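S.K.: My file is entry-v1.pdb. It has PDB, C-alpha atoms:
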```
ATOM      1  CA  MET A   1     123.326  97.557 144.349
ATOM      2  CA  SER A   2     124.438  97.623 140.717
ATOM      3  CA  LYS A   3     125.077 100.570 138.436
ATOM      4  CA  PHE A   4     122.706 100.772 135.470
ATOM      5  CA  ARG A   5     123.131 102.818 132.315
ATOM      6  CA  LEU A   6     119.859 104.573 131.465
ATOM      7  CA  ASP A   7     119.639 105.877 127.907
ATOM      8  CA  TYR A   8     116.709 108.296 127.753
ATOM      9  CA  VAL A   9     115.223 108.620 124.255
ATOM     10  CA  TRP A  10     112.798 111.297 123.072
ATOM     11  CA  LEU A  11     111.485 113.123 119.995
ATOM     12  CA  ASP A  12     112.641 116.674 119.372
ATOM     13  CA  GLY A  13     110.647 119.632 118.072
ATOM     14  CA  TYR A  14     111.733 119.595 114.438
ATOM     15  CA  THR A  15     108.937 119.679 111.859
ATOM     16  CA  PRO A  16     107.498 118.125 109.807
ATOM     17  CA  VAL A  17     109.500 115.120 111.054
ATOM     18  CA  PRO A  18     110.934 114.930 114.577
ATOM     19  CA  ASN A  19     114.391 113.521 115.207
ATOM     20  CA  LEU A  20     115.328 111.006 117.856
ATOM     21  CA  ARG A  21     117.516 112.325 120.680
ATOM     22  CA  THR A  22     119.227 110.524 123.540
ATOM     23  CA  LYS A  23     121.246 111.208 126.678
ATOM     24  CA  CYS A  24     122.600 108.867 129.313
ATOM     25  CA  MET A  25     122.554 108.799 133.114
ATOM     26  CA  ILE A  26     123.944 106.278 135.605
ATOM     27  CA  ARG A  27     121.867 105.140 138.598
ATOM     28  CA  GLU A  28     122.102 102.330 141.129
ATOM     29  CA  PHE A  29     119.357  99.717 141.571
ATOM     30  CA  ASP A  30     119.104  96.360 143.275
ATOM     31  CA  GLU A  31     117.853  94.833 140.020
ATOM     32  CA  PHE A  32     116.568  95.842 136.586
ATOM     33  CA  PRO A  33     114.477  98.928 137.385
ATOM     34  CA  THR A  34     110.745  99.376 136.936
ATOM     35  CA  LEU A  35     109.230 102.325 135.106
ATOM     36  CA  GLU A  36     108.097 103.798 138.430
ATOM     37  CA  GLN A  37     111.678 103.846 139.719
ATOM     38  CA  LEU A  38     113.023 105.950 136.862
ATOM     39  CA  PRO A  39     113.347 109.673 137.585
ATOM     40  CA  GLU A  40     112.195 112.476 135.359
ATOM     41  CA  TRP A  41     115.108 114.334 133.817
ATOM     42  CA  GLY A  42     115.694 117.752 132.280
ATOM     43  CA  PHE A  43     117.314 118.787 129.010
ATOM     44  CA  ASP A  44     118.087 121.926 127.024
ATOM     45  CA  GLY A  45     115.049 122.450 124.836
ATOM     46  CA  SER A  46     116.678 125.419 123.089
ATOM     47  CA  SER A  47     118.985 122.924 121.352
ATOM     48  CA  THR A  48     116.122 120.742 120.092
ATOM     49  CA  GLN A  49     113.673 123.419 118.866
ATOM     50  CA  GLN A  50     111.502 122.857 121.940
ATOM     51  CA  ALA A  51     112.273 126.015 123.958
ATOM     52  CA  GLU A  52     113.823 129.468 123.821
ATOM     53  CA  GLY A  53     117.281 130.060 125.255
ATOM     54  CA  GLY A  54     115.954 132.327 127.994
ATOM     55  CA  ASP A  55     113.616 129.631 129.320
ATOM     56  CA  SER A  56     115.158 126.440 128.013
ATOM     57  CA  ASP A  57     114.309 123.703 130.524
ATOM     58  CA  CYS A  58     112.175 120.803 129.285
ATOM     59  CA  ILE A  59     111.366 117.594 131.159
ATOM     60  CA  LEU A  60     111.741 113.960 130.083
ATOM     61  CA  LYS A  61     109.020 111.727 131.505
ATOM     62  CA  PRO A  62     109.742 107.970 131.175
ATOM     63  CA  VAL A  63     106.821 106.084 129.621
ATOM     64  CA  ALA A  64     108.330 102.751 128.488
ATOM     65  CA  LEU A  65     111.569 100.880 129.092
ATOM     66  CA  TYR A  66     113.483  98.069 127.416
ATOM     67  CA  PRO A  67     116.671  96.169 128.213
ATOM     68  CA  ASP A  68     119.562  97.405 126.061
ATOM     69  CA  PRO A  69     121.166  94.318 124.488
ATOM     70  CA  THR A  70     124.347  96.231 123.627
ATOM     71  CA  ARG A  71     125.133  97.425 127.175
ATOM     72  CA  LEU A  72     125.931  95.765 130.491
ATOM     73  CA  ASN A  73     123.026  96.681 132.789
ATOM     74  CA  GLY A  74     121.695  98.935 130.045
ATOM     75  CA  VAL A  75     118.158 100.324 129.937
ATOM     76  CA  LEU A  76     116.495 102.066 126.990
ATOM     77  CA  VAL A  77     113.954 104.581 128.248
ATOM     78  CA  MET A  78     111.271 105.974 125.903
ATOM     79  CA  CYS A  79     110.181 109.398 127.126
ATOM     80  CA  GLU A  80     107.544 112.031 126.591
ATOM     81  CA  VAL A  81     108.593 115.685 126.615
ATOM     82  CA  MET A  82     106.856 117.767 129.276
ATOM     83  CA  LEU A  83     106.861 121.443 130.211
ATOM     84  CA  PRO A  84     108.206 122.419 133.653
ATOM     85  CA  ASP A  85     104.634 122.744 134.981
ATOM     86  CA  GLY A  86     104.002 119.078 134.174
ATOM     87  CA  SER A  87     101.799 119.607 131.118
ATOM     88  CA  PRO A  88     102.675 117.982 127.759
ATOM     89  CA  HIS A  89     104.998 119.945 125.498
ATOM     90  CA  PRO A  90     103.304 121.052 122.226
ATOM     91  CA  SER A  91     105.611 118.661 120.331
ATOM     92  CA  ASN A  92     104.487 115.718 122.497
ATOM     93  CA  ALA A  93     102.090 113.843 120.216
ATOM     94  CA  ARG A  94     102.000 110.762 122.428
ATOM     95  CA  ALA A  95     100.324 112.516 125.360
ATOM     96  CA  THR A  96      97.207 113.510 123.434
ATOM     97  CA  ILE A  97      96.536 110.663 120.996
ATOM     98  CA  ILE A  98      93.577 108.318 121.190
ATOM     99  CA  ASP A  99      94.604 104.926 122.556
ATOM    100  CA  ASP A 100      92.717 101.646 122.764
ATOM    101  CA  GLU A 101      94.378  98.386 123.780
ATOM    102  CA  GLY A 102      91.684  96.484 121.862
ATOM    103  CA  THR A 103      92.838  98.080 118.605
ATOM    104  CA  TRP A 104      95.859  96.204 117.288
ATOM    105  CA  PHE A 105      98.407  97.706 114.920
ATOM    106  CA  GLY A 106     101.125  96.334 112.708
ATOM    107  CA  PHE A 107     103.454  98.868 111.088
ATOM    108  CA  GLU A 108     105.654  97.961 108.100
ATOM    109  CA  GLN A 109     108.620 100.331 108.200
ATOM    110  CA  GLU A 110     110.418 100.733 104.882
ATOM    111  CA  TYR A 111     113.711 102.612 104.630
ATOM    112  CA  PHE A 112     116.827 103.033 102.520
ATOM    113  CA  LEU A 113     120.379 102.430 103.729
ATOM    114  CA  MET A 114     122.579 105.241 102.422
ATOM    115  CA  GLN A 115     126.340 105.436 102.032
ATOM    116  CA  ASP A 116     128.197 108.395 100.548
ATOM    117  CA  GLY A 117     124.889 110.012  99.624
ATOM    118  CA  ARG A 118     123.390 107.122  97.660
ATOM    119  CA  PRO A 119     121.578 103.877  98.506
ATOM    120  CA  ILE A 120     123.851 100.900  99.008
ATOM    121  CA  GLY A 121     123.850  98.920  95.785
ATOM    122  CA  PHE A 122     123.688 102.072  93.640
ATOM    123  CA  PRO A 123     126.881 102.591  91.588
ATOM    124  CA  GLN A 124     128.901 105.779  91.963
ATOM    125  CA  GLY A 125     127.517 107.017  88.665
ATOM    126  CA  GLY A 126     124.144 106.092  87.155
ATOM    127  CA  TYR A 127     121.740 103.478  88.404
ATOM    128  CA  PRO A 128     121.680  99.782  89.227
ATOM    129  CA  GLU A 129     119.583  97.208  87.390
ATOM    130  CA  PRO A 130     115.852  98.070  87.238
ATOM    131  CA  GLN A 131     113.496  96.887  89.940
ATOM    132  CA  GLY A 132     112.600  93.241  89.725
ATOM    133  CA  GLU A 133     114.955  90.956  91.629
ATOM    134  CA  TYR A 134     115.560  93.089  94.735
ATOM    135  CA  TYR A 135     112.296  92.331  96.551
ATOM    136  CA  CYS A 136     112.951  89.526  99.061
ATOM    137  CA  GLY A 137     116.105  89.002  97.022
ATOM    138  CA  VAL A 138     119.106  86.811  97.683
ATOM    139  CA  GLY A 139     122.672  87.348  96.534
ATOM    140  CA  PHE A 140     125.187  90.185  96.712
ATOM    141  CA  LYS A 141     124.024  91.965  93.556
ATOM    142  CA  ASN A 142     120.474  92.155  94.933
ATOM    143  CA  VAL A 143     120.896  92.915  98.632
ATOM    144  CA  SER A 144     124.643  93.524  99.245
ATOM    145  CA  SER A 145     126.498  92.150 102.236
ATOM    146  CA  LEU A 146     125.897  95.279 104.337
ATOM    147  CA  GLY A 147     122.144  95.326 103.789
ATOM    148  CA  ARG A 148     121.680  91.772 104.985
ATOM    149  CA  GLU A 149     124.104  92.177 107.889
ATOM    150  CA  ILE A 150     122.487  95.363 109.183
ATOM    151  CA  SER A 151     118.893  94.175 108.851
ATOM    152  CA  ASP A 152     119.706  90.862 110.563
ATOM    153  CA  ALA A 153     121.598  92.574 113.376
ATOM    154  CA  HIS A 154     118.734  95.027 113.877
ATOM    155  CA  LEU A 155     116.221  92.198 114.128
ATOM    156  CA  ASP A 156     118.315  90.507 116.820
ATOM    157  CA  LEU A 157     118.693  93.735 118.802
ATOM    158  CA  CYS A 158     114.942  94.380 118.774
ATOM    159  CA  LEU A 159     114.114  90.848 119.908
ATOM    160  CA  GLU A 160     116.667  91.018 122.719
ATOM    161  CA  ALA A 161     115.190  94.354 123.792
ATOM    162  CA  GLY A 162     111.720  92.815 124.049
ATOM    163  CA  ILE A 163     110.340  94.741 121.080
ATOM    164  CA  ASN A 164     107.661  92.824 119.203
ATOM    165  CA  HIS A 165     109.584  92.787 115.928
ATOM    166  CA  GLU A 166     107.805  90.440 113.527
ATOM    167  CA  GLY A 167     110.091  90.152 110.525
ATOM    168  CA  ILE A 168     112.300  91.688 107.838
ATOM    169  CA  ASN A 169     112.693  91.585 104.086
ATOM    170  CA  ALA A 170     114.616  93.261 101.309
ATOM    171  CA  GLU A 171     112.303  95.646  99.478
ATOM    172  CA  VAL A 172     111.554  96.501  95.866
ATOM    173  CA  ALA A 173     114.373  98.988  95.224
ATOM    174  CA  ALA A 174     118.105  98.462  95.634
ATOM    175  CA  GLY A 175     119.234  99.432  99.132
ATOM    176  CA  GLN A 176     115.647  99.404 100.462
ATOM    177  CA  TRP A 177     114.594  97.254 103.418
ATOM    178  CA  GLU A 178     111.587  96.736 105.665
ATOM    179  CA  PHE A 179     110.881  95.631 109.217
ATOM    180  CA  GLN A 180     107.542  95.055 110.926
ATOM    181  CA  ILE A 181     106.380  95.909 114.451
ATOM    182  CA  PHE A 182     103.127  94.648 116.008
ATOM    183  CA  GLY A 183     101.472  95.971 119.154
ATOM    184  CA  LYS A 184      98.154  96.032 120.981
ATOM    185  CA  GLY A 185      97.175  99.674 121.409
ATOM    186  CA  SER A 186      98.490 102.734 119.605
ATOM    187  CA  LYS A 187     100.858 103.886 122.351
ATOM    188  CA  ARG A 188     102.493 100.506 122.829
ATOM    189  CA  CYS A 189     102.954  99.858 119.133
ATOM    190  CA  ALA A 190     104.229 103.378 118.424
ATOM    191  CA  ASP A 191     106.619 103.281 121.415
ATOM    192  CA  GLU A 192     108.135 100.097 120.047
ATOM    193  CA  MET A 193     108.350 101.486 116.510
ATOM    194  CA  TRP A 194     110.201 104.593 117.676
ATOM    195  CA  MET A 195     112.564 102.493 119.793
ATOM    196  CA  ALA A 196     113.146 100.135 116.858
ATOM    197  CA  ARG A 197     114.023 103.152 114.715
ATOM    198  CA  PHE A 198     116.404 104.307 117.452
ATOM    199  CA  LEU A 199     118.140 100.924 117.560
ATOM    200  CA  LEU A 200     118.482 100.882 113.762
ATOM    201  CA  GLU A 201     119.992 104.358 113.595
ATOM    202  CA  ARG A 202     122.377 103.691 116.479
ATOM    203  CA  LEU A 203     123.436 100.380 114.901
ATOM    204  CA  CYS A 204     124.170 102.082 111.577
ATOM    205  CA  GLU A 205     126.618 104.452 113.282
ATOM    206  CA  GLU A 206     128.998 101.490 113.522
ATOM    207  CA  TYR A 207     128.864 100.975 109.738
ATOM    208  CA  GLU A 208     129.042 104.675 108.791
ATOM    209  CA  ILE A 209     125.663 104.179 107.137
ATOM    210  CA  ASP A 210     122.702 106.578 107.276
ATOM    211  CA  VAL A 211     119.074 105.482 107.493
ATOM    212  CA  GLU A 212     116.930 107.396 105.001
ATOM    213  CA  TYR A 213     113.238 107.450 105.904
ATOM    214  CA  HIS A 214     112.144 109.992 103.283
ATOM    215  CA  CYS A 215     109.311 108.491 101.283
ATOM    216  CA  LYS A 216     110.878 109.180  97.864
ATOM    217  CA  PRO A 217     114.625 109.735  98.229
ATOM    218  CA  ILE A 218     115.439 108.556  94.695
ATOM    219  CA  LYS A 219     113.687 110.194  91.777
ATOM    220  CA  GLY A 220     112.736 108.040  88.836
ATOM    221  CA  ASP A 221     111.177 104.645  88.316
ATOM    222  CA  TRP A 222     111.725 103.417  91.878
ATOM    223  CA  ASN A 223     109.259 102.538  94.577
ATOM    224  CA  GLY A 224     109.027 104.999  97.441
ATOM    225  CA  SER A 225     109.073 104.006 101.097
ATOM    226  CA  GLY A 226     105.891 103.496 103.069
ATOM    227  CA  MET A 227     104.899 102.526 106.569
ATOM    228  CA  HIS A 228     101.789 100.507 105.834
ATOM    229  CA  CYS A 229      99.433 100.420 108.799
ATOM    230  CA  ASN A 230      97.665  97.122 109.479
ATOM    231  CA  PHE A 231      94.863  97.463 112.001
ATOM    232  CA  SER A 232      91.997  95.594 113.601
ATOM    233  CA  THR A 233      89.572  96.155 116.447
ATOM    234  CA  GLU A 234      87.927  93.584 118.658
ATOM    235  CA  TYR A 235      84.711  94.134 116.681
ATOM    236  CA  LEU A 236      86.480  93.687 113.332
ATOM    237  CA  ARG A 237      88.200  90.535 114.542
ATOM    238  CA  GLU A 238      85.194  88.862 116.151
ATOM    239  CA  VAL A 239      82.068  90.266 114.448
ATOM    240  CA  GLY A 240      82.815  92.210 111.280
ATOM    241  CA  GLY A 241      80.293  91.835 108.486
ATOM    242  CA  LYS A 242      80.016  93.367 105.036
ATOM    243  CA  GLU A 243      77.566  96.116 106.034
ATOM    244  CA  TYR A 244      79.836  97.362 108.804
ATOM    245  CA  PHE A 245      82.907  97.116 106.574
ATOM    246  CA  LEU A 246      81.322  99.239 103.832
ATOM    247  CA  LYS A 247      80.340 101.905 106.377
ATOM    248  CA  LEU A 248      83.894 101.852 107.688
ATOM    249  CA  MET A 249      85.291 102.384 104.198
ATOM    250  CA  ASP A 250      82.858 105.270 103.691
ATOM    251  CA  ALA A 251      84.272 106.874 106.836
ATOM    252  CA  PHE A 252      87.863 106.409 105.692
ATOM    253  CA  GLU A 253      86.928 108.043 102.384
ATOM    254  CA  GLU A 254      85.153 110.916 104.164
ATOM    255  CA  TYR A 255      88.243 111.655 106.262
ATOM    256  CA  THR A 256      90.783 111.224 103.475
ATOM    257  CA  GLU A 257      92.301 114.682 103.976
ATOM    258  CA  GLU A 258      92.577 114.215 107.744
ATOM    259  CA  HIS A 259      94.424 110.935 107.253
ATOM    260  CA  ILE A 260      96.802 112.289 104.623
ATOM    261  CA  ALA A 261      97.603 115.236 106.935
ATOM    262  CA  VAL A 262      99.232 112.897 109.482
ATOM    263  CA  TYR A 263     100.500 110.160 107.153
ATOM    264  CA  GLY A 264     103.911 111.738 106.587
ATOM    265  CA  PRO A 265     105.324 114.678 104.596
ATOM    266  CA  ASP A 266     105.897 114.759 100.834
ATOM    267  CA  ASN A 267     103.448 111.918 100.326
ATOM    268  CA  ASP A 268     102.429 113.459  97.004
ATOM    269  CA  LEU A 269     105.809 112.293  95.699
ATOM    270  CA  ARG A 270     104.957 108.711  96.644
ATOM    271  CA  LEU A 271     101.169 108.414  96.271
ATOM    272  CA  THR A 272     101.062 108.882  92.512
ATOM    273  CA  GLY A 273      98.938 105.946  91.397
ATOM    274  CA  LEU A 274     102.128 104.156  90.322
ATOM    275  CA  HIS A 275     104.512 101.822  92.156
ATOM    276  CA  GLU A 276     101.789 100.049  94.123
ATOM    277  CA  THR A 277     100.039 103.199  95.356
ATOM    278  CA  GLN A 278      96.741 104.993  94.895
ATOM    279  CA  SER A 279      96.815 108.693  93.984
ATOM    280  CA  ILE A 280      96.961 110.985  96.991
ATOM    281  CA  ASP A 281      93.691 112.718  96.049
ATOM    282  CA  LYS A 282      91.704 109.493  95.673
ATOM    283  CA  PHE A 283      90.436 106.813  98.033
ATOM    284  CA  SER A 284      89.832 103.192  97.104
ATOM    285  CA  TRP A 285      89.786  99.751  98.619
ATOM    286  CA  GLY A 286      90.277  96.401  96.993
ATOM    287  CA  VAL A 287      90.801  92.756  97.823
ATOM    288  CA  ALA A 288      94.544  91.996  97.609
ATOM    289  CA  ASP A 289      94.960  95.284  95.692
ATOM    290  CA  ARG A 290      98.297  96.929  96.497
ATOM    291  CA  GLY A 291      97.331  99.839  94.291
ATOM    292  CA  ALA A 292      94.410 100.715  96.556
ATOM    293  CA  SER A 293      94.333 103.027  99.580
ATOM    294  CA  ILE A 294      93.105 100.134 101.739
ATOM    295  CA  ARG A 295      94.165  96.593 100.882
ATOM    296  CA  VAL A 296      91.654  93.996 102.014
ATOM    297  CA  PRO A 297      93.277  90.577 102.613
ATOM    298  CA  HIS A 298      91.677  87.493 101.101
ATOM    299  CA  SER A 299      91.335  86.138 104.634
ATOM    300  CA  PHE A 300      89.131  89.107 105.545
ATOM    301  CA  VAL A 301      86.455  88.356 102.928
ATOM    302  CA  LYS A 302      86.730  84.571 103.116
ATOM    303  CA  ASP A 303      83.284  82.953 103.372
ATOM    304  CA  ASP A 304      81.797  86.482 103.204
ATOM    305  CA  ALA A 305      82.786  86.999 106.846
ATOM    306  CA  TYR A 306      84.393  90.426 106.335
ATOM    307  CA  ARG A 307      86.276  89.845 109.536
ATOM    308  CA  GLY A 308      89.917  90.279 110.548
ATOM    309  CA  TYR A 309      92.428  93.034 109.806
ATOM    310  CA  LEU A 310      92.842  95.695 107.098
ATOM    311  CA  GLU A 311      95.890  97.446 105.666
ATOM    312  CA  ASP A 312      96.028 101.198 105.101
ATOM    313  CA  ARG A 313      98.799 101.595 102.524
ATOM    314  CA  ARG A 314      98.914 105.400 102.530
ATOM    315  CA  PRO A 315     101.134 106.182 105.561
ATOM    316  CA  ASN A 316     104.696 106.835 104.507
ATOM    317  CA  SER A 317     108.032 105.948 106.017
ATOM    318  CA  GLN A 318     108.496 109.286 107.788
ATOM    319  CA  GLY A 319     105.069 109.187 109.407
ATOM    320  CA  ASP A 320     104.674 109.453 113.176
ATOM    321  CA  PRO A 321     103.098 106.174 114.329
ATOM    322  CA  TYR A 322     101.504 107.931 117.328
ATOM    323  CA  GLN A 323      99.523 110.246 115.057
ATOM    324  CA  ILE A 324      98.804 107.612 112.405
ATOM    325  CA  ALA A 325      97.339 105.123 114.881
ATOM    326  CA  SER A 326      95.346 107.827 116.642
ATOM    327  CA  ARG A 327      93.766 109.005 113.367
ATOM    328  CA  VAL A 328      92.852 105.435 112.419
ATOM    329  CA  ILE A 329      91.149 104.908 115.793
ATOM    330  CA  GLN A 330      89.348 108.253 115.492
ATOM    331  CA  THR A 331      87.878 107.267 112.132
ATOM    332  CA  ILE A 332      86.907 103.811 113.351
ATOM    333  CA  GLN A 333      85.145 105.308 116.370
ATOM    334  CA  SER A 334      83.026 107.470 114.066
ATOM    335  CA  VAL A 335      81.279 104.332 112.746
ATOM    336  CA  PRO A 336      78.707 102.789 115.088
ATOM    337  CA  THR A 337      78.809  99.050 115.622
ATOM    338  CA  ALA A 338      75.704  96.900 115.633
TER
END
```
If you took the structure in this file and wrote it as structure tokens, what would it be?

M.R.:
Amino acid sequence: MSKFRLDYVWLDGYTPVPNLRTKCMIREFDEFPTLEQLPEWGFDGSSTQQAEGGDSDCILKPVALYPDPTRLNGVLVMCEVMLPDGSPHPSNARATIIDDEGTWFGFEQEYFLMQDGRPIGFPQGGYPEPQGEYYCGVGFKNVSSLGREISDAHLDLCLEAGINHEGINAEVAAGQWEFQIFGKGSKRCADEMWMARFLLERLCEEYEIDVEYHCKPIKGDWNGSGMHCNFSTEYLREVGGKEYFLKLMDAFEEYTEEHIAVYGPDNDLRLTGLHETQSIDKFSWGVADRGASIRVPHSFVKDDAYRGYLEDRRPNSQGDPYQIASRVIQTIQSVPTA
């Protein structure tokens, strides 16, 4: 028997954006444990805005686990929050979302690295050089030593943890970075996105750096941060067709308000029609158009196939991937296939 460190991770009850929380227990196992072997665990919900002090017990239910590359015999445990009677807590978005393993998602998480209240690369007073050379940039003046070091280290941690991390790049503004997570099914992809966020925030503790997910933390002529949602269904990948695609876009336009409602707070600050966005009150799609609500890749329309994946560019960096993916599936399911 070996002692294992189990770091339980969950989302608290803060709104409009939940925070990640974690607590650790030690248990003995013959080998790396399975999900079924992990016990449920309680916590003080009155300290996380999930219960009142007079009835404060909430339950952590393990739903996914990953090896912790930073710990000997470490296990990262993604959890849902449950009420004592076993029903999902009202803050538990994962328990009630629509899921479909045939619907594939790729989330592009943008964020700023902040030090002393400003993005790294921003001078103590004023602003850095205008946007232009930062995107996918190289060199200290464009990406700083810390930005590259942190993003590279985060990539390695995710891969070692078995998270389907697909890549990184410096983004359009100074101090802004992006990583991508791909998964089959909304729950799997969102679990991995939340755990990737957890690993990034925990890593940045070592550097005394904060991760800023707000979609527009710097006012002025700077791009905001999004979490573009790439999606495809089995039907879109294998059948597709222009007629079906146009009906699908009609549905996305019809449910514009429902999508915006779960695409992250303060999105009106980001979706302005500038900086590669469409206005928040409009819906559009376009081939290779990063100023549209839905970007249609050239590969999708190649040979008039209208087949493959699409990118919804409206979700922002603070969005909850559970709710975003569920809303996308809900809209897709409203459109009958041939």

S.K.: Can you tell me, as a ChimeraX atom specification, what residues are no more than 12 Å from Glu171 in chain A when counting all atoms listed in the file, ignoring any on the same chain fewer than 4 positions away?

M.R.: /A:108-113,131-138,142-143,147-148,151,175-179,222-226

S.K.: Dump C-alpha atoms for the selected residues as a PDB file, keeping the file's coordinate frame?

M.R.:
```pdb
ATOM      1  CA  GLU A 108     105.654  97.961 108.100  1.00  0.00           C
ATOM      2  CA  GLN A 109     108.620 100.331 108.200  1.00  0.00           C
ATOM      3  CA  GLU A 110     110.418 100.733 104.882  1.00  0.00           C
ATOM      4  CA  TYR A 111     113.711 102.612 104.630  1.00  0.00           C
ATOM      5  CA  PHE A 112     116.827 103.033 102.520  1.00  0.00           C
ATOM      6  CA  LEU A 113     120.379 102.430 103.729  1.00  0.00           C
ATOM      7  CA  GLN A 131     113.496  96.887  89.940  1.00  0.00           C
ATOM      8  CA  GLY A 132     112.600  93.241  89.725  1.00  0.00           C
ATOM      9  CA  GLU A 133     114.955  90.956  91.629  1.00  0.00           C
ATOM     10  CA  TYR A 134     115.560  93.089  94.735  1.00  0.00           C
ATOM     11  CA  TYR A 135     112.296  92.331  96.551  1.00  0.00           C
ATOM     12  CA  CYS A 136     112.951  89.526  99.061  1.00  0.00           C
ATOM     13  CA  GLY A 137     116.105  89.002  97.022  1.00  0.00           C
ATOM     14  CA  VAL A 138     119.106  86.811  97.683  1.00  0.00           C
ATOM     15  CA  ASN A 142     120.474  92.155  94.933  1.00  0.00           C
ATOM     16  CA  VAL A 143     120.896  92.915  98.632  1.00  0.00           C
ATOM     17  CA  GLY A 147     122.144  95.326 103.789  1.00  0.00           C
ATOM     18  CA  ARG A 148     121.680  91.772 104.985  1.00  0.00           C
ATOM     19  CA  SER A 151     118.893  94.175 108.851  1.00  0.00           C
ATOM     20  CA  GLY A 175     119.234  99.432  99.132  1.00  0.00           C
ATOM     21  CA  GLN A 176     115.647  99.404 100.462  1.00  0.00           C
ATOM     22  CA  TRP A 177     114.594  97.254 103.418  1.00  0.00           C
ATOM     23  CA  GLU A 178     111.587  96.736 105.665  1.00  0.00           C
ATOM     24  CA  PHE A 179     110.881  95.631 109.217  1.00  0.00           C
ATOM     25  CA  TRP A 222     111.725 103.417  91.878  1.00  0.00           C
ATOM     26  CA  ASN A 223     109.259 102.538  94.577  1.00  0.00           C
ATOM     27  CA  GLY A 224     109.027 104.999  97.441  1.00  0.00           C
ATOM     28  CA  SER A 225     109.073 104.006 101.097  1.00  0.00           C
ATOM     29  CA  GLY A 226     105.891 103.496 103.069  1.00  0.00           C
TER      30      GLY A 226
END
```

S.K.: Choose the residue, out of A:Pro119, A:Gly102, A:Gly45, A:Gly241, that has the smallest atom-to-atom separation from Asp303 in chain A; count all atoms listed in the file.

M.R.: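 When distances to Asp303 in chain A are compared using all atoms listed in the file, the smallest one comes from A:Gly241.
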
S.K.: Just how far from CA of Thr34 in chain A is CA of Met78 in chain A, in Å to one decimal?

M.R.: 12.9 Å

S.K.: Running the PyMOL selection byres ((chain A and resi 155) around 10) on this model by hand, what would come out? Give it as a PyMOL selection string.

M.R.: chain A and resi 150-154+156-161+163-168+179-180+196+199-200

S.K.: Quick one: residues within 10 Å of Val75 in chain A, only C-alpha atoms counted, chain neighbours fewer than 2 positions away excluded, as a list in words?

M.R.: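 Once the adjacent positions are removed, what remains is Phe4, Arg5, Leu6, Asp7, Tyr8, Cys24, Phe32, Pro33, Leu65, Tyr66, Pro67, Asp68, Pro69, Thr70, Arg71, Leu72, Asn73, Val77, Met78 and Ala161 of chain A.
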
S.K.: Would you mind reading off the distance between CA of Thr337 in chain A and CA of Tyr309 in chain A, one decimal, in Å?

M.R.: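 One can read the CA of Thr337 in chain A to CA of Tyr309 in chain A distance as 16.0 Å.
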
S.K.: Got a sec to resolve the PyMOL selection byres ((chain A and resi 20) around 6) on this structure and send the residues as a list in words?

M.R.: Trp10, Leu11, Asn19 and Arg21 of chain A
